[in-house]
file model-v3.txt (compact mmCIF, C-alpha atoms)
# COMPACT_ATOMS: atom_id res chain seq x y z
CA MET A 1 0.00 0.00 0.00
CA SER A 2 1.04 3.61 -0.40
CA PHE A 3 1.60 5.88 2.57
CA LYS A 4 -1.47 8.06 3.22
CA PRO A 5 -0.24 11.11 5.14
CA THR A 6 -2.56 13.30 7.16
CA LYS A 7 -3.15 16.89 6.12
CA GLU A 8 -1.55 17.97 9.38
CA LEU A 9 1.74 16.36 8.42
CA TRP A 10 2.08 17.24 4.75
CA CYS A 11 1.37 20.18 2.52
CA ALA A 12 -0.23 19.25 -0.81
CA THR A 13 2.84 19.88 -2.97
CA LEU A 14 5.29 18.03 -0.75
CA TYR A 15 3.13 14.93 -0.56
CA LYS A 16 2.10 14.88 -4.20
CA VAL A 17 5.64 15.20 -5.53
CA LEU A 18 7.12 12.66 -3.12
CA HIS A 19 4.30 10.21 -3.84
CA LYS A 20 4.83 10.62 -7.59
CA ALA A 21 8.61 10.28 -7.28
CA LEU A 22 8.61 7.19 -5.08
CA GLY A 23 5.96 5.55 -7.24
CA MET A 24 8.02 5.71 -10.46
CA LYS A 25 11.25 3.96 -11.47
CA ARG A 26 13.39 6.50 -13.28
CA PRO A 27 16.69 5.30 -14.78
CA HIS A 28 18.50 8.02 -16.71
CA ALA A 29 17.31 8.74 -20.27
CA THR A 30 14.27 6.45 -20.08
CA ALA A 31 10.54 6.90 -20.46
CA GLY A 32 10.21 6.96 -16.67
CA THR A 33 12.53 9.94 -16.29
CA ALA A 34 10.93 11.73 -19.23
CA ALA A 35 7.42 11.23 -17.84
CA PHE A 36 8.39 12.42 -14.37
CA SER A 37 10.19 15.48 -15.79
CA ALA A 38 7.16 16.34 -17.93
CA TRP A 39 4.87 16.00 -14.92
CA LEU A 40 7.08 18.32 -12.86
CA GLN A 41 6.95 20.93 -15.60
CA THR A 42 3.17 21.15 -15.24
CA LYS A 43 3.75 22.29 -11.64
CA PHE A 44 6.29 25.04 -12.38
CA PRO A 45 5.14 28.68 -12.23
CA ALA A 46 4.44 30.02 -15.71
CA ASN A 47 7.15 31.99 -17.50
CA THR A 48 9.83 31.10 -14.96
CA TRP A 49 11.36 27.94 -16.38
CA HIS A 50 13.05 26.33 -19.34
CA VAL A 51 14.70 23.02 -20.30
CA ASP A 52 18.32 22.99 -21.44
CA GLY A 53 20.14 20.78 -23.93
CA ALA A 54 20.76 18.03 -21.37
CA GLY A 55 17.15 17.93 -20.22
CA ASN A 56 17.83 19.82 -16.99
CA MET A 57 14.94 21.97 -15.81
CA HIS A 58 15.78 25.52 -14.69
CA VAL A 59 13.29 27.53 -12.62
CA ASP A 60 14.29 31.11 -11.80
CA LEU A 61 12.37 32.49 -8.82
CA ARG A 62 15.08 34.88 -7.65
CA GLY A 63 13.35 38.12 -8.46
CA ASP A 64 16.34 40.38 -7.81
CA PRO A 65 19.45 38.26 -8.58
CA THR A 66 21.69 40.70 -6.70
CA ILE A 67 19.87 39.86 -3.46
CA HIS A 68 18.80 36.25 -3.88
CA ARG A 69 21.94 34.29 -4.75
CA THR A 70 21.04 30.72 -3.82
CA LEU A 71 20.94 27.72 -6.17
CA PHE A 72 18.97 24.66 -5.03
CA VAL A 73 19.69 21.37 -6.80
CA ALA A 74 18.08 17.91 -6.95
CA HIS A 75 18.26 15.17 -9.58
CA VAL A 76 15.30 13.43 -11.18
CA ASP A 77 16.94 10.11 -12.13
CA THR A 78 17.32 7.00 -9.96
CA VAL A 79 19.47 3.85 -10.09
CA HIS A 80 16.56 1.55 -10.98
CA LYS A 81 17.35 -0.97 -13.72
CA THR A 82 13.87 -0.86 -15.23
CA THR A 83 11.04 1.62 -15.63
CA GLY A 84 7.48 1.25 -14.43
CA LYS A 85 5.59 1.39 -11.16
CA ASN A 86 7.48 1.33 -7.87
CA VAL A 87 5.46 -0.04 -4.95
CA TYR A 88 6.34 1.47 -1.57
CA THR A 89 5.04 0.99 1.96
CA TRP A 90 5.59 2.54 5.36
CA ALA A 91 6.28 0.83 8.68
CA ASP A 92 8.18 1.10 11.95
CA SER A 93 11.78 0.21 11.17
CA LYS A 94 13.39 -2.67 13.03
CA SER A 95 16.96 -1.70 12.14
CA LEU A 96 19.31 -0.46 14.85
CA ALA A 97 20.18 2.62 12.80
CA GLN A 98 16.56 3.72 12.56
CA GLN A 99 14.95 2.11 15.58
CA CYS A 100 11.50 3.50 16.44
CA LEU A 101 11.48 5.77 13.39
CA THR A 102 8.65 5.66 10.88
CA THR A 103 10.08 4.87 7.47
CA ILE A 104 9.06 4.35 3.87
CA THR A 105 10.53 1.42 1.95
CA ALA A 106 9.97 -0.06 -1.50
CA LYS A 107 8.80 -3.59 -2.20
CA GLY A 108 11.75 -5.55 -3.57
CA ASP A 109 13.54 -2.64 -5.24
CA VAL A 110 15.26 0.69 -4.74
CA LEU A 111 12.96 3.25 -3.10
CA GLY A 112 14.16 6.26 -5.10
CA ALA A 113 14.24 8.73 -2.20
CA ASP A 114 17.68 9.35 -3.72
CA ASP A 115 16.73 11.83 -4.97
CA GLY A 116 12.95 11.89 -5.04
CA ALA A 117 13.05 13.36 -1.53
CA GLY A 118 15.28 16.20 -2.77
CA VAL A 119 13.00 16.91 -5.72
CA ALA A 120 9.98 17.06 -3.38
CA LEU A 121 11.78 19.51 -1.09
CA LEU A 122 12.64 21.82 -4.00
CA MET A 123 9.05 21.80 -5.24
CA HIS A 124 7.89 22.40 -1.66
CA MET A 125 10.12 25.48 -1.33
CA MET A 126 9.00 26.76 -4.71
CA SER A 127 5.36 26.42 -3.70
CA HIS A 128 6.10 28.55 -0.63
CA GLY A 129 7.82 31.25 -2.66
CA ILE A 130 11.39 30.83 -1.39
CA PRO A 131 13.33 33.13 -3.77
CA ALA A 132 16.13 31.17 -5.43
CA TYR A 133 17.26 29.51 -8.65
CA TYR A 134 16.08 25.88 -8.81
CA LEU A 135 17.83 23.26 -10.91
CA PHE A 136 16.42 19.77 -11.52
CA THR A 137 19.19 17.76 -13.15
CA GLN A 138 19.36 14.68 -15.33
CA GLY A 139 21.86 11.83 -15.09
CA GLU A 140 23.38 12.46 -11.65
CA GLU A 141 23.50 8.71 -11.12
CA ARG A 142 25.49 8.38 -14.33
CA GLY A 143 28.28 10.72 -13.28
CA GLY A 144 26.55 14.10 -13.16
CA ILE A 145 25.66 14.37 -16.84
CA GLY A 146 23.22 17.23 -16.39
CA ALA A 147 25.32 19.12 -13.85
CA LYS A 148 28.38 18.92 -16.08
CA PHE A 149 26.31 20.38 -18.92
CA ALA A 150 25.09 23.22 -16.69
CA ALA A 151 28.61 24.00 -15.47
CA LYS A 152 29.85 24.22 -19.06
CA ASN A 153 26.95 26.15 -20.57
CA TYR A 154 25.44 28.21 -17.74
CA GLY A 155 28.51 29.87 -16.26
CA LYS A 156 27.01 33.35 -16.57
CA VAL A 157 24.08 32.29 -14.38
CA LEU A 158 26.05 30.17 -11.93
CA VAL A 159 28.59 32.92 -11.24
CA GLU A 160 25.72 35.01 -9.86
CA MET A 161 25.27 32.48 -7.03
CA ASP A 162 26.93 32.59 -3.62
CA ARG A 163 25.79 29.11 -2.63
CA ALA A 164 24.67 25.86 -4.30
CA ILE A 165 22.74 23.47 -2.08
CA ALA A 166 21.78 19.91 -3.00
CA PHE A 167 19.35 17.80 -0.98
CA ASP A 168 20.88 14.45 -1.85
CA ARG A 169 22.71 13.07 1.19
CA ARG A 170 21.96 9.98 3.25
CA GLY A 171 21.30 10.21 7.00
CA THR A 172 19.93 13.06 9.06
CA ASP A 173 22.85 15.21 10.17
CA SER A 174 25.29 16.07 7.36
CA VAL A 175 26.19 19.42 5.86
CA ILE A 176 28.85 18.26 3.42
CA SER A 177 32.06 20.31 3.24
CA TYR A 178 34.18 18.00 1.05
CA GLN A 179 33.21 15.99 -2.02
CA GLY A 180 35.68 13.49 -3.40
CA PHE A 181 38.48 14.75 -1.11
CA SER A 182 38.01 18.30 -2.42
CA ARG A 183 36.58 21.13 -0.36
CA CYS A 184 33.23 22.33 -1.61
CA CYS A 185 32.22 24.77 1.14
CA SER A 186 33.90 26.60 3.98
CA ASP A 187 33.44 25.43 7.55
CA THR A 188 32.15 28.92 8.37
CA PHE A 189 29.33 28.48 5.86
CA GLY A 190 28.68 24.88 6.87
CA ASP A 191 28.50 25.72 10.57
CA ALA A 192 26.11 28.61 9.93
CA LEU A 193 23.82 26.44 7.78
CA ALA A 194 23.88 23.63 10.37
CA ARG A 195 22.88 26.12 13.09
CA GLU A 196 20.01 27.43 10.97
CA LEU A 197 18.70 23.91 10.37
CA ASN A 198 19.11 22.88 14.01
CA ASP A 199 17.40 26.03 15.29
CA ASN A 200 14.42 25.49 12.98
CA GLY A 201 14.16 21.68 12.99
CA ASP A 202 12.78 19.14 15.45
CA ASN A 203 15.64 17.46 17.36
CA PHE A 204 18.13 18.12 14.57
CA PHE A 205 21.86 17.56 15.02
CA TYR A 206 23.28 18.81 11.74
CA SER A 207 27.01 19.49 11.60
CA VAL A 208 29.75 19.96 9.03
CA ASP A 209 30.67 16.60 7.45
CA PRO A 210 33.86 16.25 5.34
CA THR A 211 33.07 12.71 4.10
CA GLY A 212 30.99 13.54 1.05
CA VAL A 213 31.49 11.51 -2.11
CA TYR A 214 29.68 13.14 -5.02
CA THR A 215 26.52 14.92 -6.02
CA ASP A 216 25.74 17.53 -8.65
CA THR A 217 27.04 20.51 -6.67
CA ALA A 218 30.56 19.08 -6.99
CA GLU A 219 30.48 20.28 -10.60
CA PHE A 220 30.03 23.90 -9.50
CA VAL A 221 32.90 24.25 -7.01
CA ASP A 222 35.07 26.18 -9.48
CA ILE A 223 32.28 28.73 -10.07
CA ILE A 224 30.18 29.04 -6.89
CA PRO A 225 31.86 29.82 -3.53
CA GLU A 226 29.81 27.64 -1.19
CA CYS A 227 28.60 24.27 -2.50
CA THR A 228 27.16 21.60 -0.23
CA ASN A 229 24.86 18.60 0.13
CA ILE A 230 22.33 18.18 2.95
CA SER A 231 21.04 14.97 4.53
CA VAL A 232 17.36 14.42 3.76
CA GLY A 233 16.69 11.27 5.79
CA TYR A 234 17.21 8.33 3.46
CA TYR A 235 19.42 5.33 4.20
CA ALA A 236 20.95 2.43 2.21
CA GLU A 237 20.48 4.21 -1.11
CA HIS A 238 21.16 2.25 -4.31
CA SER A 239 19.84 -0.95 -2.71
CA ASP A 240 16.50 -2.64 -2.10
CA ARG A 241 16.95 -1.79 1.59
CA GLU A 242 16.70 1.94 0.93
CA SER A 243 14.35 3.72 3.34
CA LEU A 244 13.23 7.26 4.09
CA ASP A 245 12.84 8.55 7.64
CA ILE A 246 9.50 10.32 7.34
CA TYR A 247 9.66 12.16 10.66
CA HIS A 248 12.98 13.72 9.76
CA PHE A 249 11.85 14.53 6.24
CA ILE A 250 8.71 16.29 7.47
CA SER A 251 10.68 18.30 10.00
CA LEU A 252 13.24 19.21 7.34
CA SER A 253 10.46 20.37 5.01
CA ASN A 254 9.38 22.82 7.71
CA ALA A 255 12.93 23.94 8.55
CA VAL A 256 13.94 24.80 4.97
CA LEU A 257 11.14 27.36 4.84
CA LEU A 258 12.60 29.15 7.88
CA VAL A 259 16.31 29.17 7.04
CA ASP A 260 17.67 32.64 6.22
CA TRP A 261 19.33 31.46 3.01
CA ASP A 262 20.29 34.89 1.70
CA ASN A 263 22.26 35.85 4.79
CA LEU A 264 24.40 32.74 5.11
CA PRO A 265 28.11 33.71 5.13
CA THR A 266 30.24 33.41 2.01
CA GLU A 267 33.89 32.73 2.79
CA ARG A 268 35.31 30.26 0.29
CA ASP A 269 36.95 31.61 -2.88
CA PRO A 270 36.31 29.14 -5.74
CA LEU A 271 39.44 30.36 -7.54
CA VAL A 272 41.78 29.61 -4.60
CA PRO A 273 42.50 25.90 -3.94
CA ASP A 274 42.12 24.77 -0.35
CA PRO A 275 45.56 23.84 1.05
CA LEU A 276 44.13 20.69 2.64
CA GLU A 277 42.73 19.29 -0.58
CA ALA A 278 44.14 15.99 -1.76
CA THR A 279 42.75 16.16 -5.27
CA SER A 280 40.06 17.73 -7.45
CA VAL A 281 36.57 16.45 -8.14
CA SER A 282 36.29 18.10 -11.51
CA SER A 283 35.62 14.75 -13.16
CA ALA A 284 33.69 13.30 -10.20
CA TYR A 285 33.49 9.53 -10.47
CA GLY A 286 36.49 9.43 -12.77
CA ASP A 287 38.69 10.72 -9.96
CA TRP A 288 37.78 8.07 -7.40
CA ARG A 289 40.94 6.01 -7.89
CA SER A 290 43.35 8.93 -7.41
CA ALA A 291 41.32 10.31 -4.51
CA PHE A 292 41.30 6.95 -2.78
CA ALA A 293 45.04 6.53 -3.25
CA TRP A 294 46.02 9.98 -1.97
CA ASP A 295 45.33 9.52 1.72
CA ARG A 296 45.01 6.00 3.05
CA ASP A 297 45.10 7.37 6.61
CA ASP A 298 41.61 8.79 6.23
CA GLU A 299 39.90 5.46 6.83
CA GLU A 300 36.46 6.91 7.50
CA MET A 301 36.29 8.63 4.14
CA ALA A 302 37.77 5.61 2.33
CA ARG A 303 35.10 3.42 3.93
CA ASP A 304 32.43 5.81 2.71
CA TYR A 305 33.73 5.43 -0.85
CA LEU A 306 33.78 1.65 -0.52
CA ILE A 307 30.23 1.37 0.84
CA ASP A 308 28.89 3.60 -1.93
CA ALA A 309 30.68 1.48 -4.54
CA ILE A 310 29.23 -1.73 -3.07
CA TYR A 311 25.72 -0.26 -3.12
CA ASP A 312 26.20 0.61 -6.80
CA ALA A 313 27.49 -2.89 -7.56
CA GLN A 314 24.37 -4.37 -5.97
CA VAL A 315 22.28 -2.71 -8.67
CA GLY A 316 24.66 -3.68 -11.47
CA ILE A 317 26.99 -0.68 -11.58
CA THR A 318 30.36 -2.31 -10.86
CA ASP A 319 32.91 0.06 -12.42
CA ASP A 320 33.70 2.06 -9.28
CA LEU A 321 34.09 -1.01 -7.07
CA ILE A 322 36.42 -2.66 -9.58
CA ASP A 323 38.47 0.54 -9.81
CA LEU A 324 38.88 0.62 -6.02
CA MET A 325 39.78 -3.08 -5.90
CA CYS A 326 42.45 -2.76 -8.57
CA GLU A 327 43.90 0.42 -7.08
CA SER A 328 44.19 -1.34 -3.73
CA VAL A 329 45.92 -4.54 -4.91
CA TYR A 330 48.06 -3.04 -7.68
CA PRO A 331 48.39 0.75 -7.31
CA GLU A 332 51.33 0.84 -9.73
CA ASN A 333 49.15 -0.34 -12.63
CA PRO A 334 45.44 -0.73 -11.73
CA GLN A 335 44.49 -0.96 -15.41
CA PHE A 336 46.57 -4.11 -15.72
CA ALA A 337 44.94 -5.61 -12.61
CA ALA A 338 41.51 -4.93 -14.09
CA ARG A 339 42.28 -7.40 -16.88
CA PHE A 340 42.10 -10.20 -14.30
CA VAL A 341 38.72 -9.24 -12.84
CA ASN A 342 35.46 -10.93 -13.83
CA PRO A 343 32.56 -8.67 -12.73
CA LYS A 344 30.10 -11.54 -13.18
CA LEU A 345 31.59 -13.18 -10.09
CA LEU A 346 30.37 -10.29 -7.89
CA THR A 347 27.32 -12.14 -6.60
CA GLU A 348 24.66 -10.65 -4.36
CA GLU A 349 25.83 -12.86 -1.49
CA MET A 350 29.44 -11.72 -1.93
CA LEU A 351 28.47 -8.04 -2.04
CA GLU A 352 26.27 -8.41 1.04
CA GLU A 353 29.16 -10.01 2.90
CA ALA A 354 31.51 -7.25 1.72
CA LEU A 355 29.09 -4.64 3.01
CA THR A 356 29.19 -6.27 6.45
CA HIS A 357 32.99 -6.52 6.39
CA ALA A 358 33.28 -2.87 5.30
CA ARG A 359 31.89 -1.81 8.65
CA THR A 360 34.32 -4.05 10.57
CA TYR A 361 37.60 -4.36 8.68
CA ASP A 362 39.78 -1.72 7.06
CA THR A 363 38.96 -0.90 3.45
CA ASP A 364 42.14 -2.37 1.95
CA THR A 365 41.40 -5.73 3.55
CA VAL A 366 37.86 -5.79 2.15
CA LEU A 367 39.02 -4.75 -1.31
CA CYS A 368 41.74 -7.42 -1.38
CA MET A 369 39.21 -10.04 -0.31
CA LEU A 370 36.90 -8.99 -3.13
CA PHE A 371 39.70 -8.97 -5.68
CA ASP A 372 40.76 -12.49 -4.68
CA ALA A 373 37.18 -13.68 -5.03
CA VAL A 374 36.69 -12.32 -8.56
CA HIS A 375 40.25 -12.86 -9.82
CA CYS A 376 40.51 -14.95 -12.95
CA GLU A 377 43.15 -15.83 -15.53
CA VAL A 378 42.95 -13.96 -18.83

call {"tool": "encode", "arguments": {"input": "model-v3.txt", "output": "structure tokens"}}
result
Amino acid sequence: MSFKPTKELWCATLYKVLHKALGMKRPHATAGTAAFSAWLQTKFPANTWHVDGAGNMHVDLRGDPTIHRTLFVAHVDTVHKTTGKNVYTWADSKSLAQQCLTTITAKGDVLGADDGAGVALLMHMMSHGIPAYYLFTQGEERGGIGAKFAAKNYGKVLVEMDRAIAFDRRGTDSVISYQGFSRCCSDTFGDALARELNDNGDNFFYSVDPTGVYTDTAEFVDIIPECTNISVGYYAEHSDRESLDIYHFISLSNAVLLVDWDNLPTERDPLVPDPLEATSVSSAYGDWRSAFAWDRDDEEMARDYLIDAIYDAQVGITDDLIDLMCESVYPENPQFAARFVNPKLLTEEMLEEALTHARTYDTDTVLCMLFDAVHCEV
């Protein structure tokens, strides 16, 4: 059954968009994504929006662009393998991570709260007249296709922004300050945004989090000073265990209407590299190998990369996991090591076991175990 929220808990736009998003499977460049994008367009205010060459949808509600300099971003695609109806339910979670929280889950497939929840929040803010530039991107799950297009072709618009904020992060407490080992926002900005959310949310504990991997705002770090990604309440994305914490999501939907977006501090200079950066995220997923190899001492961030790669492999996207495996066992020539890997040997049981080990053992150990299991002679 579908979740039937009460009028007291949801505004019409928030519920309708989330319900539509979670009910549709939307792989990139498929009929599902096209249908959802077309449906969203019927909800945009007239004469405020257009679609670019990559299919991204731009909605400009800034009014005076010298005052309102915020870009909000969410992506419309999901990691589903097929299109069609997605059946979701709601229940009290039994997991330790979400004990006693009311959650939404899908029946036997990815939920799609990554990033249907973000899309719903953007539409919710638009319906309440929050002045900003809204960008609904295509192909984030395929390496930021739409965001890369926007960065290349919309520089004159993006340079007018002081901040770019995505709602595309797992959990309930992250304001991301690094993506792919590269700084995307200043701690001053991140701390101020976390305080705003905590002051306006219900039992929120947002804080600056340097363990981000990638979302669309990573493509704008060379143009926009403060770029971040905010937790929206989903867990176990890219897997059939994905869930959305409804209580957190509802509270966040209220908080985003109260945040003083225009007066958040701007400290980071996008033209000055951060001295603590290990590498750049200009090519996003393509930089994972070098980013992973730069700083093996940062085990927490390396584990985050590994878990994300395992989740992707569970839905058939194995490239990033294989890259990490080969970089770990043969850093001198990972391309050569890849010749001895058979992705078909990455079974569901093996990946589930690797996910468990990733939370217990160091990342190099898990990657070596995986490589040994899928190693084959050419």

call {"tool": "closest_residue", "arguments": {"input": "model-v3.txt", "among": "A:Asp173, A:Asp260, A:Asp162, A:Asp115", "to": "A:Phe205", "atoms": "all atoms listed in the file"}}
result
A:Asp173

call {"tool": "residues_near_point", "arguments": {"input": "model-v3.txt", "point": "(31.6, 24.6, 0.6)", "cutoff": "7 Å", "atoms": "all atoms listed in the file", "output": "ChimeraX atom specification"}}
result
/A:177,183-186,189-190,225-228,268

call {"tool": "write_last_selection", "arguments": {"input": "model-v3.txt", "atoms": "C-alpha atoms", "output": "mmCIF file, in the coordinates of the input"}}
result
data_model
loop_
_atom_site.group_PDB
_atom_site.id
_atom_site.type_symbol
_atom_site.label_atom_id
_atom_site.label_comp_id
_atom_site.auth_asym_id
_atom_site.auth_seq_id
_atom_site.Cartn_x
_atom_site.Cartn_y
_atom_site.Cartn_z
ATOM 1 C CA SER A 177 32.060 20.310 3.240
ATOM 2 C CA ARG A 183 36.580 21.130 -0.360
ATOM 3 C CA CYS A 184 33.230 22.330 -1.610
ATOM 4 C CA CYS A 185 32.220 24.770 1.140
ATOM 5 C CA SER A 186 33.900 26.600 3.980
ATOM 6 C CA PHE A 189 29.330 28.480 5.860
ATOM 7 C CA GLY A 190 28.680 24.880 6.870
ATOM 8 C CA PRO A 225 31.860 29.820 -3.530
ATOM 9 C CA GLU A 226 29.810 27.640 -1.190
ATOM 10 C CA CYS A 227 28.600 24.270 -2.500
ATOM 11 C CA THR A 228 27.160 21.600 -0.230
ATOM 12 C CA ARG A 268 35.310 30.260 0.290
#

call {"tool": "atom_distance", "arguments": {"input": "model-v3.txt", "atom1": "atom CA of A:Ile307", "atom2": "atom CA of A:Leu252"}}
result
25.5 Å

call {"tool": "residues_near_point", "arguments": {"input": "model-v3.txt", "point": "(13.4, 27.3, 3.9)", "cutoff": "12 Å", "atoms": "all atoms listed in the file", "output": "ChimeraX atom specification"}}
result
/A:70,72,121-132,165,193,196-197,200-201,251-262

call {"tool": "atom_distance", "arguments": {"input": "model-v3.txt", "atom1": "atom CA of A:Asp114", "atom2": "atom CA of A:Ala29"}}
result
16.6 Å

call {"tool": "residues_around", "arguments": {"input": "model-v3.txt", "residues": "stretch 341-343 of chain A", "least_positions_apart": "4", "cutoff": "8 Å", "atoms": "all atoms listed in the file", "output": "JSON, numbers by chain"}}
result
{"A": [318, 322, 337, 371, 374, 375, 376]}

call {"tool": "atom_distance", "arguments": {"input": "model-v3.txt", "atom1": "atom CA of A:Arg169", "atom2": "atom CA of A:Gly212"}}
result
8.3 Å

call {"tool": "residues_around", "arguments": {"input": "model-v3.txt", "residues": "A:Leu367", "least_positions_apart": "2", "cutoff": "9 Å", "atoms": "only C-alpha atoms", "output": "ChimeraX atom specification"}}
result
/A:306,321-322,324-326,328-329,354,358,362-365,369-372

call {"tool": "residues_around", "arguments": {"input": "model-v3.txt", "residues": "A:Thr172", "least_positions_apart": "5", "cutoff": "9 Å", "atoms": "all atoms listed in the file", "output": "MDAnalysis selection string"}}
result
chainID A and resid 204:206 230:234 245 248:249

call {"tool": "residues_around", "arguments": {"input": "model-v3.txt", "residues": "A:Pro210", "least_positions_apart": "2", "cutoff": "12 Å", "atoms": "all atoms listed in the file", "output": "number ranges by chain"}}
result
A: 174-187, 190, 207-208, 212-214, 228-230, 276-277, 298, 300-302, 304

call {"tool": "closest_residue", "arguments": {"input": "model-v3.txt", "among": "A:Asp199, A:Glu267, A:Glu219, A:Asp109", "to": "A:Ala166", "atoms": "all atoms listed in the file"}}
result
A:Glu219

call {"tool": "axis_aligned_box", "arguments": {"input": "model-v3.txt", "around": "stretch 45-52 of chain A", "padding_each_side": "3 Å", "output": "JSON"}}
result
{"center_x": 11.4, "center_y": 27.5, "center_z": -16.8, "size_x": 19.9, "size_y": 15.0, "size_z": 15.2}

call {"tool": "closest_residue", "arguments": {"input": "model-v3.txt", "among": "A:Thr30, A:Tyr134, A:Glu140, A:Arg303", "to": "A:Arg359", "atoms": "only C-alpha atoms"}}
result
A:Arg303

call {"tool": "closest_residue", "arguments": {"input": "model-v3.txt", "among": "A:Glu141, A:Asp308, A:Asp216, A:Asp52", "to": "A:Arg170", "atoms": "only C-alpha atoms"}}
result
A:Asp308

call {"tool": "closest_residue", "arguments": {"input": "model-v3.txt", "among": "A:Tyr235, A:Ala46, A:Gly316, A:Ala151", "to": "A:Thr82", "atoms": "all atoms listed in the file"}}
result
A:Gly316

call {"tool": "residues_around", "arguments": {"input": "model-v3.txt", "residues": "A:Ser239", "least_positions_apart": "4", "cutoff": "8 Å", "atoms": "only C-alpha atoms", "output": "compact mmCIF listing (two decimals) with C-alpha atoms, in the coordinates of the input"}}
result
# COMPACT_ATOMS: atom_id res chain seq x y z
CA ASP A 109 13.54 -2.64 -5.24
CA VAL A 110 15.26 0.69 -4.74
CA TYR A 311 25.72 -0.26 -3.12
CA ASP A 312 26.20 0.61 -6.80
CA GLN A 314 24.37 -4.37 -5.97
CA VAL A 315 22.28 -2.71 -8.67

call {"tool": "decode", "arguments": {"input": "model-v3.txt", "residues": "stretch 243-248 of chain A", "atoms": "all heavy atoms", "output": "compact mmCIF listing (two decimals), in the first residue's frame"}}
result
# COMPACT_ATOMS: atom_id res chain seq x y z
N SER A 243 15.51 3.27 2.58
CA SER A 243 14.35 3.72 3.34
C SER A 243 14.43 5.22 3.52
O SER A 243 15.49 5.83 3.40
CB SER A 243 14.29 3.02 4.70
OG SER A 243 15.43 3.34 5.48
N LEU A 244 13.30 5.82 3.83
CA LEU A 244 13.23 7.26 4.09
C LEU A 244 12.61 7.49 5.46
O LEU A 244 11.50 7.01 5.74
CB LEU A 244 12.39 7.96 3.02
CG LEU A 244 12.20 9.47 3.20
CD1 LEU A 244 13.54 10.21 3.09
CD2 LEU A 244 11.21 10.01 2.17
N ASP A 245 13.31 8.19 6.31
CA ASP A 245 12.84 8.55 7.64
C ASP A 245 11.83 9.69 7.49
O ASP A 245 12.20 10.85 7.28
CB ASP A 245 14.04 8.98 8.49
CG ASP A 245 13.65 9.49 9.88
OD1 ASP A 245 12.45 9.67 10.15
OD2 ASP A 245 14.57 9.70 10.69
N ILE A 246 10.56 9.35 7.60
CA ILE A 246 9.50 10.32 7.34
C ILE A 246 9.48 11.44 8.38
O ILE A 246 9.28 12.62 8.03
CB ILE A 246 8.14 9.60 7.30
CG1 ILE A 246 8.01 8.82 5.99
CG2 ILE A 246 6.99 10.60 7.41
CD1 ILE A 246 8.07 9.69 4.76
N TYR A 247 9.69 11.13 9.63
CA TYR A 247 9.66 12.16 10.66
C TYR A 247 10.74 13.22 10.40
O TYR A 247 10.48 14.42 10.52
CB TYR A 247 9.85 11.56 12.05
CG TYR A 247 8.63 10.82 12.57
CD1 TYR A 247 8.74 9.96 13.66
CD2 TYR A 247 7.38 10.98 11.98
CE1 TYR A 247 7.62 9.28 14.14
CE2 TYR A 247 6.27 10.31 12.46
CZ TYR A 247 6.39 9.46 13.53
OH TYR A 247 5.30 8.79 14.02
N HIS A 248 11.93 12.76 10.06
CA HIS A 248 12.98 13.72 9.76
C HIS A 248 12.64 14.52 8.51
O HIS A 248 12.83 15.75 8.48
CB HIS A 248 14.32 13.02 9.57
CG HIS A 248 15.43 13.96 9.23
ND1 HIS A 248 16.15 14.64 10.20
CD2 HIS A 248 15.94 14.40 8.04
CE1 HIS A 248 17.03 15.43 9.62
NE2 HIS A 248 16.93 15.30 8.31
